[in-house]
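Novice: For reference, this is start_19.cif, and it has mmCIF, C-alpha atoms and all ligand atoms.
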```
data_work
#
loop_
_atom_site.label_atom_id
_atom_site.label_comp_id
_atom_site.auth_asym_id
_atom_site.auth_seq_id
_atom_site.Cartn_x
_atom_site.Cartn_y
_atom_site.Cartn_z
CA MET A 1 13.23 82.22 150.75
CA PRO A 2 13.80 80.20 153.92
CA TYR A 3 16.55 82.45 155.26
CA ILE A 4 14.26 85.50 155.32
CA CYS A 5 11.48 83.52 157.03
CA VAL A 6 13.77 82.35 159.82
CA LYS A 7 15.10 85.84 160.32
CA MET A 8 11.63 87.41 160.53
CA ILE A 9 10.46 84.83 163.06
CA SER A 10 13.51 85.16 165.30
CA MET A 11 13.24 88.97 165.27
CA GLU A 12 9.74 88.70 166.63
CA VAL A 13 10.71 86.12 169.24
CA VAL A 14 13.30 88.55 170.57
CA SER A 15 10.53 90.98 171.46
CA PHE A 16 9.25 88.51 174.09
CA ILE A 17 12.55 88.32 175.97
CA ALA A 18 12.06 90.07 179.30
CA LYS A 19 13.62 93.51 179.41
CA LYS A 20 13.37 93.98 183.15
CA GLN A 21 11.74 91.74 185.72
CA SER A 22 10.88 92.65 189.33
CA PRO A 23 9.81 89.30 190.82
CA MET A 24 7.07 89.51 193.46
CA LEU A 25 8.82 87.42 196.12
CA GLY A 26 6.49 86.07 198.82
CA LYS A 27 3.36 86.91 196.79
CA SER A 28 0.66 84.57 195.50
CA VAL A 29 -1.34 85.28 192.37
CA ALA A 30 -4.25 83.38 190.81
CA TRP A 31 -5.80 83.23 187.35
CA ARG A 32 -8.84 81.47 185.98
CA SER A 33 -8.49 80.43 182.32
CA PRO A 34 -11.17 78.86 180.14
CA SER A 35 -10.95 75.97 177.75
CA ASN A 36 -11.68 76.69 174.09
CA ILE A 37 -13.22 74.83 171.19
CA ALA A 38 -11.64 75.13 167.75
CA LEU A 39 -13.97 75.89 164.84
CA VAL A 40 -11.05 75.60 162.39
CA LYS A 41 -8.66 73.03 163.82
CA TYR A 42 -4.96 73.30 164.60
CA TRP A 43 -3.57 69.92 163.55
CA GLY A 44 0.11 69.72 162.75
CA LYS A 45 3.02 71.69 164.19
CA TYR A 46 6.77 72.20 163.98
CA ALA A 47 9.32 73.24 166.58
CA PRO A 48 9.07 75.32 168.69
CA GLN A 49 5.30 74.95 168.94
CA MET A 50 4.60 76.67 165.63
CA PRO A 51 1.28 75.82 163.95
CA ALA A 52 1.34 74.10 160.56
CA ASN A 53 -1.97 75.83 159.79
CA PRO A 54 -4.08 78.67 161.19
CA SER A 55 -6.96 77.98 163.59
CA LEU A 56 -9.95 79.85 164.96
CA SER A 57 -11.79 79.09 168.21
CA PHE A 58 -14.59 80.04 170.53
CA THR A 59 -13.33 80.70 174.03
CA LEU A 60 -15.53 78.87 176.54
CA ASP A 61 -16.84 80.10 179.87
CA ASN A 62 -17.74 77.40 182.41
CA CYS A 63 -15.01 74.86 181.62
CA ASN A 64 -11.95 76.40 183.17
CA THR A 65 -8.83 75.92 185.28
CA LYS A 66 -7.99 78.03 188.30
CA THR A 67 -4.29 78.13 189.11
CA THR A 68 -2.59 79.81 192.07
CA VAL A 69 1.17 80.27 192.20
CA CYS A 70 3.21 81.45 195.18
CA LEU A 71 6.74 82.75 194.59
CA ARG A 72 9.12 81.68 197.34
CA ASP A 73 12.76 81.93 198.17
CA MET A 74 14.63 78.72 197.31
CA ASP A 75 16.40 78.73 200.71
CA THR A 76 13.10 78.45 202.57
CA ILE A 77 12.12 75.30 200.72
CA ASN A 78 12.95 71.79 201.73
CA GLN A 79 12.27 70.40 198.29
CA THR A 80 14.36 68.57 195.75
CA SER A 81 14.61 70.57 192.59
CA LEU A 82 13.88 69.17 189.15
CA GLY A 83 16.56 69.98 186.60
CA ASN A 84 17.29 73.69 186.77
CA PHE A 85 14.01 74.46 188.50
CA SER A 86 12.34 74.21 191.87
CA PHE A 87 8.58 73.82 192.21
CA ASP A 88 5.83 71.78 193.82
CA PHE A 89 2.47 71.04 192.25
CA SER A 90 -0.93 70.10 193.69
CA PHE A 91 -4.03 69.31 191.68
CA GLU A 92 -7.43 69.60 193.36
CA GLY A 93 -5.91 69.59 196.81
CA ALA A 94 -3.43 66.70 196.46
CA PRO A 95 0.22 66.63 195.36
CA LYS A 96 0.42 65.41 191.77
CA PRO A 97 3.96 64.32 190.87
CA ASP A 98 2.68 62.84 187.55
CA PHE A 99 2.54 66.41 186.23
CA HIS A 100 6.13 67.32 187.18
CA LEU A 101 7.67 66.37 183.86
CA LYS A 102 5.09 68.42 181.93
CA ILE A 103 5.77 71.48 184.09
CA LEU A 104 9.51 70.93 183.82
CA ALA A 105 9.29 70.75 180.01
CA PHE A 106 7.23 73.95 180.03
CA PHE A 107 9.71 75.77 182.30
CA GLU A 108 12.56 74.70 180.02
CA ARG A 109 10.75 76.07 176.97
CA VAL A 110 9.89 79.43 178.51
CA VAL A 111 12.90 80.18 180.73
CA ALA A 112 14.51 82.29 178.00
CA TYR A 113 11.48 84.60 178.27
CA LEU A 114 11.04 84.35 182.07
CA PRO A 115 14.61 84.17 183.44
CA PHE A 116 13.40 84.45 187.06
CA LEU A 117 12.15 80.84 186.80
CA LYS A 118 15.67 79.64 187.67
CA GLN A 119 16.01 81.78 190.78
CA TYR A 120 12.92 81.00 192.87
CA HIS A 121 10.71 78.21 194.13
CA PHE A 122 7.17 78.02 192.70
CA SER A 123 4.28 76.48 194.65
CA ILE A 124 1.58 75.72 192.10
CA LEU A 125 -2.02 74.78 192.97
CA SER A 126 -4.52 73.97 190.26
CA GLU A 127 -8.15 72.91 189.96
CA ASN A 128 -10.63 72.39 187.12
CA THR A 129 -14.34 73.19 187.06
CA PHE A 130 -15.05 70.35 184.65
CA PRO A 131 -15.09 66.78 185.88
CA HIS A 132 -11.68 65.15 186.14
CA SER A 133 -11.04 62.69 183.30
CA SER A 134 -14.11 63.86 181.42
CA GLY A 135 -12.18 63.58 178.17
CA ILE A 136 -12.15 67.38 177.90
CA ALA A 137 -8.65 68.58 177.10
CA SER A 138 -7.38 70.61 180.03
CA SER A 139 -3.98 71.52 178.61
CA ALA A 140 -5.32 74.73 177.02
CA SER A 141 -6.89 76.13 180.19
CA ALA A 142 -4.10 74.81 182.45
CA MET A 143 -1.21 76.20 180.42
CA ALA A 144 -2.97 79.54 179.92
CA ALA A 145 -3.60 79.96 183.67
CA LEU A 146 -0.05 78.92 184.59
CA SER A 147 1.46 81.29 182.02
CA LEU A 148 -0.60 84.20 183.33
CA CYS A 149 0.42 83.49 186.95
CA LEU A 150 4.12 83.24 186.09
CA LEU A 151 4.06 86.35 183.94
CA GLU A 152 2.32 88.37 186.64
CA LEU A 153 4.77 87.14 189.32
CA SER A 154 7.75 88.04 187.11
CA GLY A 155 6.82 91.70 187.61
CA GLU A 156 7.70 92.49 183.99
CA PHE A 157 4.41 94.33 183.46
CA LEU A 158 2.70 96.86 185.69
CA ASP A 159 -0.79 96.10 184.39
CA TYR A 160 -2.74 93.68 182.24
CA SER A 161 -1.93 95.63 179.09
CA GLU A 162 -2.16 94.34 175.52
CA ALA A 163 1.58 93.61 175.73
CA PHE A 164 0.98 91.51 178.88
CA LYS A 165 -1.77 89.51 177.12
CA ALA A 166 0.37 89.03 174.01
CA LYS A 167 3.27 87.68 176.03
CA ALA A 168 0.91 85.44 178.05
CA SER A 169 -0.38 83.96 174.78
CA PHE A 170 3.20 83.51 173.56
CA LEU A 171 4.16 81.64 176.75
CA ALA A 172 0.95 79.59 176.79
CA ARG A 173 1.59 78.52 173.19
CA LEU A 174 4.93 77.09 174.26
CA GLY A 175 3.07 74.98 176.85
CA SER A 176 0.32 73.81 174.51
CA GLY A 177 -0.57 75.28 171.13
CA SER A 178 -4.29 75.64 171.78
CA ALA A 179 -3.54 77.36 175.13
CA ALA A 180 -2.45 80.45 173.16
CA ARG A 181 -6.16 80.86 172.32
CA SER A 182 -7.34 80.67 175.97
CA ILE A 183 -5.98 84.02 177.16
CA GLN A 184 -8.75 86.14 175.67
CA GLY A 185 -12.11 85.71 173.92
CA PRO A 186 -14.74 85.37 172.64
CA LEU A 187 -13.26 84.40 169.25
CA MET A 188 -9.52 83.76 168.95
CA GLN A 189 -7.40 83.27 165.88
CA TRP A 190 -3.91 81.76 165.87
CA GLY A 191 -1.54 81.30 162.94
CA LYS A 192 -0.59 83.63 160.12
CA THR A 193 -3.14 83.72 157.33
CA ASP A 194 -3.87 86.30 154.63
CA SER A 195 -7.56 86.76 155.42
CA VAL A 196 -7.03 87.85 159.05
CA PRO A 197 -5.22 91.14 159.57
CA HIS A 198 -2.37 91.00 162.14
CA SER A 199 -2.56 87.20 162.40
CA GLU A 200 0.55 85.63 163.91
CA ASP A 201 2.18 82.24 164.41
CA LEU A 202 3.73 83.28 167.74
CA ILE A 203 0.56 84.36 169.53
CA ALA A 204 -3.19 84.08 169.20
CA ILE A 205 -5.11 87.31 168.65
CA VAL A 206 -8.69 88.34 169.33
CA PHE A 207 -10.70 87.97 166.13
CA LYS A 208 -11.68 91.63 166.01
CA GLU A 209 -13.77 91.83 162.86
CA ASN A 210 -17.37 92.98 163.37
CA VAL A 211 -18.85 89.67 164.41
CA ALA A 212 -22.65 89.24 164.16
CA ALA A 213 -24.35 89.45 167.56
CA VAL A 214 -25.67 85.88 167.40
CA PHE A 215 -22.15 84.52 167.88
CA SER A 216 -21.46 86.45 171.09
CA SER A 217 -23.74 84.18 173.14
CA TYR A 218 -23.34 80.92 171.21
CA GLN A 219 -23.89 77.76 173.25
CA ASP A 220 -21.63 74.71 173.45
CA THR A 221 -23.15 71.64 175.06
CA ILE A 222 -20.50 68.95 175.41
CA LEU A 223 -21.79 65.39 175.25
CA LEU A 224 -19.43 63.13 177.20
CA VAL A 225 -19.43 60.02 175.04
CA GLU A 226 -16.21 58.68 176.45
CA LYS A 227 -14.61 59.91 179.62
CA GLY A 228 -11.01 59.19 180.53
CA ALA A 229 -7.65 59.80 178.94
CA LYS A 230 -7.41 60.52 175.23
CA ALA A 231 -6.41 57.54 173.06
CA VAL A 232 -3.93 59.69 171.16
CA SER A 233 -1.92 62.39 172.89
CA SER A 234 -1.82 65.70 171.06
CA THR A 235 1.95 65.37 170.56
CA VAL A 236 1.46 62.05 168.78
CA GLY A 237 -1.55 63.45 166.92
CA HIS A 238 0.25 66.48 165.54
CA GLY A 239 3.19 64.24 164.62
CA LEU A 240 0.88 62.21 162.39
CA MET A 241 0.72 65.17 160.02
CA GLU A 242 4.43 64.87 159.24
CA ASN A 243 4.66 62.87 156.03
CA HIS A 244 0.86 62.60 155.91
CA PRO A 245 -0.15 62.08 152.26
CA TYR A 246 -2.86 64.78 152.52
CA ALA A 247 -0.97 67.26 154.72
CA ALA A 248 -0.38 69.96 152.11
CA ALA A 249 -4.01 69.91 150.97
CA ARG A 250 -5.22 70.03 154.58
CA PHE A 251 -3.01 72.96 155.58
CA ASN A 252 -4.12 74.82 152.49
CA GLN A 253 -7.76 74.03 153.21
CA ALA A 254 -7.49 75.49 156.74
CA HIS A 255 -6.50 78.90 155.28
CA ASN A 256 -9.52 78.82 152.97
CA GLN A 257 -11.86 77.71 155.76
CA ILE A 258 -10.76 80.65 157.92
CA ALA A 259 -11.41 83.07 155.06
CA VAL A 260 -14.92 81.70 154.47
CA LEU A 261 -15.73 81.38 158.17
CA SER A 262 -14.56 84.97 158.83
CA GLN A 263 -17.12 86.21 156.32
CA ALA A 264 -19.86 84.05 157.83
CA LEU A 265 -19.06 85.35 161.31
CA LYS A 266 -19.33 88.92 160.09
CA THR A 267 -22.56 88.49 158.13
CA GLY A 268 -24.23 86.13 160.62
CA ASP A 269 -24.47 83.41 157.95
CA ILE A 270 -25.20 80.47 160.23
CA ASP A 271 -25.60 77.93 157.40
CA THR A 272 -22.06 78.58 156.19
CA PHE A 273 -20.81 78.60 159.80
CA MET A 274 -22.33 75.14 160.39
CA HIS A 275 -20.99 73.80 157.10
CA ILE A 276 -17.39 74.87 157.83
CA VAL A 277 -17.46 73.80 161.49
CA GLU A 278 -18.73 70.29 160.70
CA GLN A 279 -16.36 69.92 157.76
CA GLU A 280 -13.46 70.86 160.06
CA ALA A 281 -14.45 68.28 162.66
CA LEU A 282 -14.77 65.53 160.07
CA THR A 283 -11.53 66.57 158.34
CA LEU A 284 -9.65 66.37 161.65
CA HIS A 285 -10.88 62.80 162.08
CA ALA A 286 -10.26 62.03 158.40
CA MET A 287 -6.63 63.02 158.94
CA MET A 288 -6.40 60.52 161.79
CA LEU A 289 -8.18 57.81 159.81
CA THR A 290 -5.70 58.20 156.96
CA SER A 291 -2.47 58.66 158.91
CA SER A 292 0.12 56.01 159.53
CA PRO A 293 -0.50 54.51 162.01
CA SER A 294 -4.18 55.35 161.77
CA PHE A 295 -6.61 56.02 164.60
CA ILE A 296 -10.37 55.81 164.90
CA LEU A 297 -11.24 58.16 167.74
CA MET A 298 -14.97 58.34 167.10
CA LYS A 299 -17.10 55.75 168.85
CA PRO A 300 -20.38 54.28 167.57
CA ALA A 301 -22.16 56.73 169.90
CA THR A 302 -20.32 59.65 168.26
CA LEU A 303 -21.64 58.64 164.85
CA ALA A 304 -25.13 58.00 166.21
CA ILE A 305 -25.19 61.51 167.69
CA ILE A 306 -24.05 63.07 164.42
CA GLU A 307 -26.81 61.28 162.52
CA ARG A 308 -29.42 62.34 165.07
CA VAL A 309 -28.24 65.95 164.86
CA TRP A 310 -28.54 65.94 161.08
CA THR A 311 -32.01 64.40 161.19
CA TYR A 312 -33.16 66.86 163.88
CA ARG A 313 -31.77 69.82 161.95
CA ALA A 314 -33.46 68.76 158.71
CA ALA A 315 -36.80 68.23 160.46
CA THR A 316 -36.87 71.29 162.73
CA LYS A 317 -34.61 73.80 160.92
CA VAL A 318 -33.02 74.54 164.31
CA PRO A 319 -29.43 75.57 163.46
CA LEU A 320 -27.71 72.97 165.58
CA CYS A 321 -24.30 71.70 164.47
CA PHE A 322 -21.49 69.63 165.97
CA THR A 323 -17.77 69.72 166.28
CA LEU A 324 -15.26 67.21 167.65
CA ASP A 325 -11.87 67.36 169.29
CA ALA A 326 -9.32 64.58 168.98
CA GLY A 327 -11.65 62.22 170.84
CA ALA A 328 -15.15 60.76 170.92
CA ASN A 329 -16.97 63.56 172.78
CA VAL A 330 -19.31 65.77 170.74
CA HIS A 331 -19.62 69.55 171.11
CA LEU A 332 -23.05 70.81 170.05
CA LEU A 333 -23.02 74.45 168.93
CA TYR A 334 -26.16 76.58 168.58
CA PRO A 335 -27.55 80.10 169.09
CA GLU A 336 -28.71 80.92 172.62
CA LYS A 337 -32.31 81.51 171.53
CA HIS A 338 -32.64 77.78 170.73
CA LYS A 339 -31.30 76.67 174.09
CA GLU A 340 -34.51 75.28 175.54
CA GLU A 341 -35.49 73.17 172.53
CA VAL A 342 -31.94 71.87 172.00
CA LEU A 343 -31.62 70.84 175.65
CA GLN A 344 -34.97 69.07 175.33
CA PHE A 345 -33.69 67.27 172.22
CA ILE A 346 -30.53 66.26 174.09
CA GLU A 347 -32.57 64.91 177.01
CA ASN A 348 -34.98 63.07 174.72
CA GLU A 349 -32.61 61.61 172.16
CA LEU A 350 -28.92 62.09 172.89
CA VAL A 351 -28.35 61.54 176.57
CA VAL A 352 -28.51 57.78 176.01
CA TYR A 353 -25.25 58.02 174.11
CA CYS A 354 -23.42 59.81 176.94
CA GLU A 355 -21.37 57.95 179.54
CA ASN A 356 -23.38 58.05 182.79
CA ALA A 357 -25.81 60.37 180.97
CA GLN A 358 -23.33 63.21 181.46
CA TYR A 359 -23.07 66.40 179.45
CA ILE A 360 -21.74 69.88 180.20
CA CYS A 361 -23.50 73.12 179.31
CA ASP A 362 -21.15 75.89 178.31
CA SER A 363 -21.20 79.00 176.17
CA VAL A 364 -18.86 81.50 174.58
CA GLY A 365 -16.81 83.44 177.15
CA ALA A 366 -14.59 86.48 177.47
CA GLY A 367 -11.27 84.86 178.40
CA SER A 368 -8.95 84.57 181.39
CA VAL A 369 -9.48 86.61 184.55
CA SER A 370 -7.25 87.42 187.48
CA VAL A 371 -8.66 86.02 190.75
CA SER A 372 -8.12 87.91 193.97
CA ILE A 373 -6.81 85.82 196.85
C1 LIG A 401 -7.66 68.79 168.02
O1 LIG A 401 -3.05 72.28 171.70
O2 LIG A 401 -3.54 70.00 172.64
O3 LIG A 401 -7.85 70.25 169.90
O4 LIG A 401 0.33 71.97 171.09
O5 LIG A 401 0.68 69.52 171.36
O6 LIG A 401 -0.34 70.84 173.22
P1 LIG A 401 -0.15 70.70 171.73
O7 LIG A 401 -1.58 70.36 171.11
P2 LIG A 401 -3.02 70.82 171.52
O8 LIG A 401 -3.81 70.43 170.18
C2 LIG A 401 -5.16 70.72 170.02
C3 LIG A 401 -5.69 70.01 168.85
C4 LIG A 401 -7.19 70.09 168.67
C5 LIG A 401 -7.58 71.22 167.72
C6 LIG A 401 -7.49 72.62 168.26
O9 LIG A 401 -7.73 72.86 169.46
O10 LIG A 401 -7.26 73.52 167.43
#
```
Kindly present the structure from the file in structure tokens form.
Ligand code: DP6
Specialist:
Amino acid sequence: MPYICVKMISMEVVSFIAKKQSPMLGKSVAWRSPSNIALVKYWGKYAPQMPANPSLSFTLDNCNTKTTVCLRDMDTINQTSLGNFSFDFSFEGAPKPDFHLKILAFFERVVAYLPFLKQYHFSILSENTFPHSSGIASSASAMAALSLCLLELSGEFLDYSEAFKAKASFLARLGSGSAARSIQGPLMQWGKTDSVPHSEDLIAIVFKENVAAVFSSYQDTILLVEKGAKAVSSTVGHGLMENHPYAAARFNQAHNQIAVLSQALKTGDIDTFMHIVEQEALTLHAMMLTSSPSFILMKPATLAIIERVWTYRAATKVPLCFTLDAGANVHLLYPEKHKEEVLQFIENELVVYCENAQYICDSVGAGSVSVSI
């Protein structure tokens, strides 16, 4: 019944239209938002930024973006405006015009929900804690932090209530799908699916089931196999799922994976957790291998690391597993109590596969925080 679906979705969208805004003219606000790593992958979308399948992620802690936005009067600014909007953007201390079109596209998508965007000038400063061009996607943390700053400056909410966080996730999603999952933590679920109560396509929600304690301090060590820009942009990547011969089976599989993973998270079943997480990573890459055109985003070092991880796990019984994003870097996931031995294993056997021997140690985190300035 397509008509009913469209109606239900648009009714919910209406609830994110600002009722009353009291813009904080002359004020600066700052937010720090983390990156996240998907355990069940979002891969495939339709307009406007709706997921073709549900996803579930760990929010990270150390890898984050800090964004500061100052709301200024247009008349005080000697700046050419872009389209209907006026803003300037600096990244890590230097003006970055390359990002203007991305910000413009984001403003255009969210202006219906933040009407004050047309009336003021926005000075935006941003910086990442992870190395620039490390191959770690920054769109999730960047769009989450920007959405939080804009929403706070709009003055629509008096506090960081659940409604504030829901709207921030809604706005972040319109910037980048995975950004919807970077507002809160430690486990975030996005996309309607029967096994998760209150799941939504419009926003990501905190995965609130009783999660076993082991997962609250899980480690993610990111091996930087290939730094630099991604070979396939996420827009192109998601587009590959349109007319993909295995799309229907994949979307269906994601629902089942979430159901099984939810149970494993509740019972602390690490074997099942590892099985699903690795299957998801390999399925994501299988989708790219079998799309038209096809892409091979893993490098020989990626495969070598996976083999080493499997051999190490079989020999030591240490519950170490991997996941991948749409690139060659490898995320190693493991319980905190195995941190020392896993880091030793990385130093002994895996660091040779990393560009400039670089890797990043991160762990599960609580989500975005407001930064006082
Ligand atoms: C492979 O969120 O970057 O990391 O919505 O086009 O911005 P856009 O895509 P993006 O896609 C992320 C894809 C992924 C899997 C995931 O994070 O779920």
Novice: Residues up to 8 Å from ligand LIG 401 (chain A), counting only C-alpha atoms and all ligand atoms: could you list those as an MDAnalysis selection string?
Specialist: chainID A and resid 36:43 45 49 55:57 137 139:140 173:179 233:238 284 324:326
Novice: Which residue is closest to Ser217 of chain A? Choose from A:Phe106, A:Phe345, A:Phe99, A:Tyr334 and count all atoms listed in the file.
Specialist: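 For Ser217 of chain A, the nearest of the candidates is A:Tyr334.
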Novice: Report, in Å with one decimal, the straight-line distance from atom CA of Gly44 of chain A to atom CA of Ser199 of chain A.
Specialist: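 It comes out at 17.7 Å.
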Novice: Check the smallest atom-to-atom distance from each of A:Leu150, A:Met188, A:Val225, A:Cys63 to Lys299 of chain A using all atoms listed in the file, then report the winner.
Specialist: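 Among the listed residues, the smallest separation from Lys299 of chain A belongs to A:Val225.
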Novice: Quick one, how far is atom CA of Phe164 of chain A from atom CA of Trp31 of chain A?
Specialist: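 Atom CA of Phe164 of chain A sits 13.6 Å away from atom CA of Trp31 of chain A.
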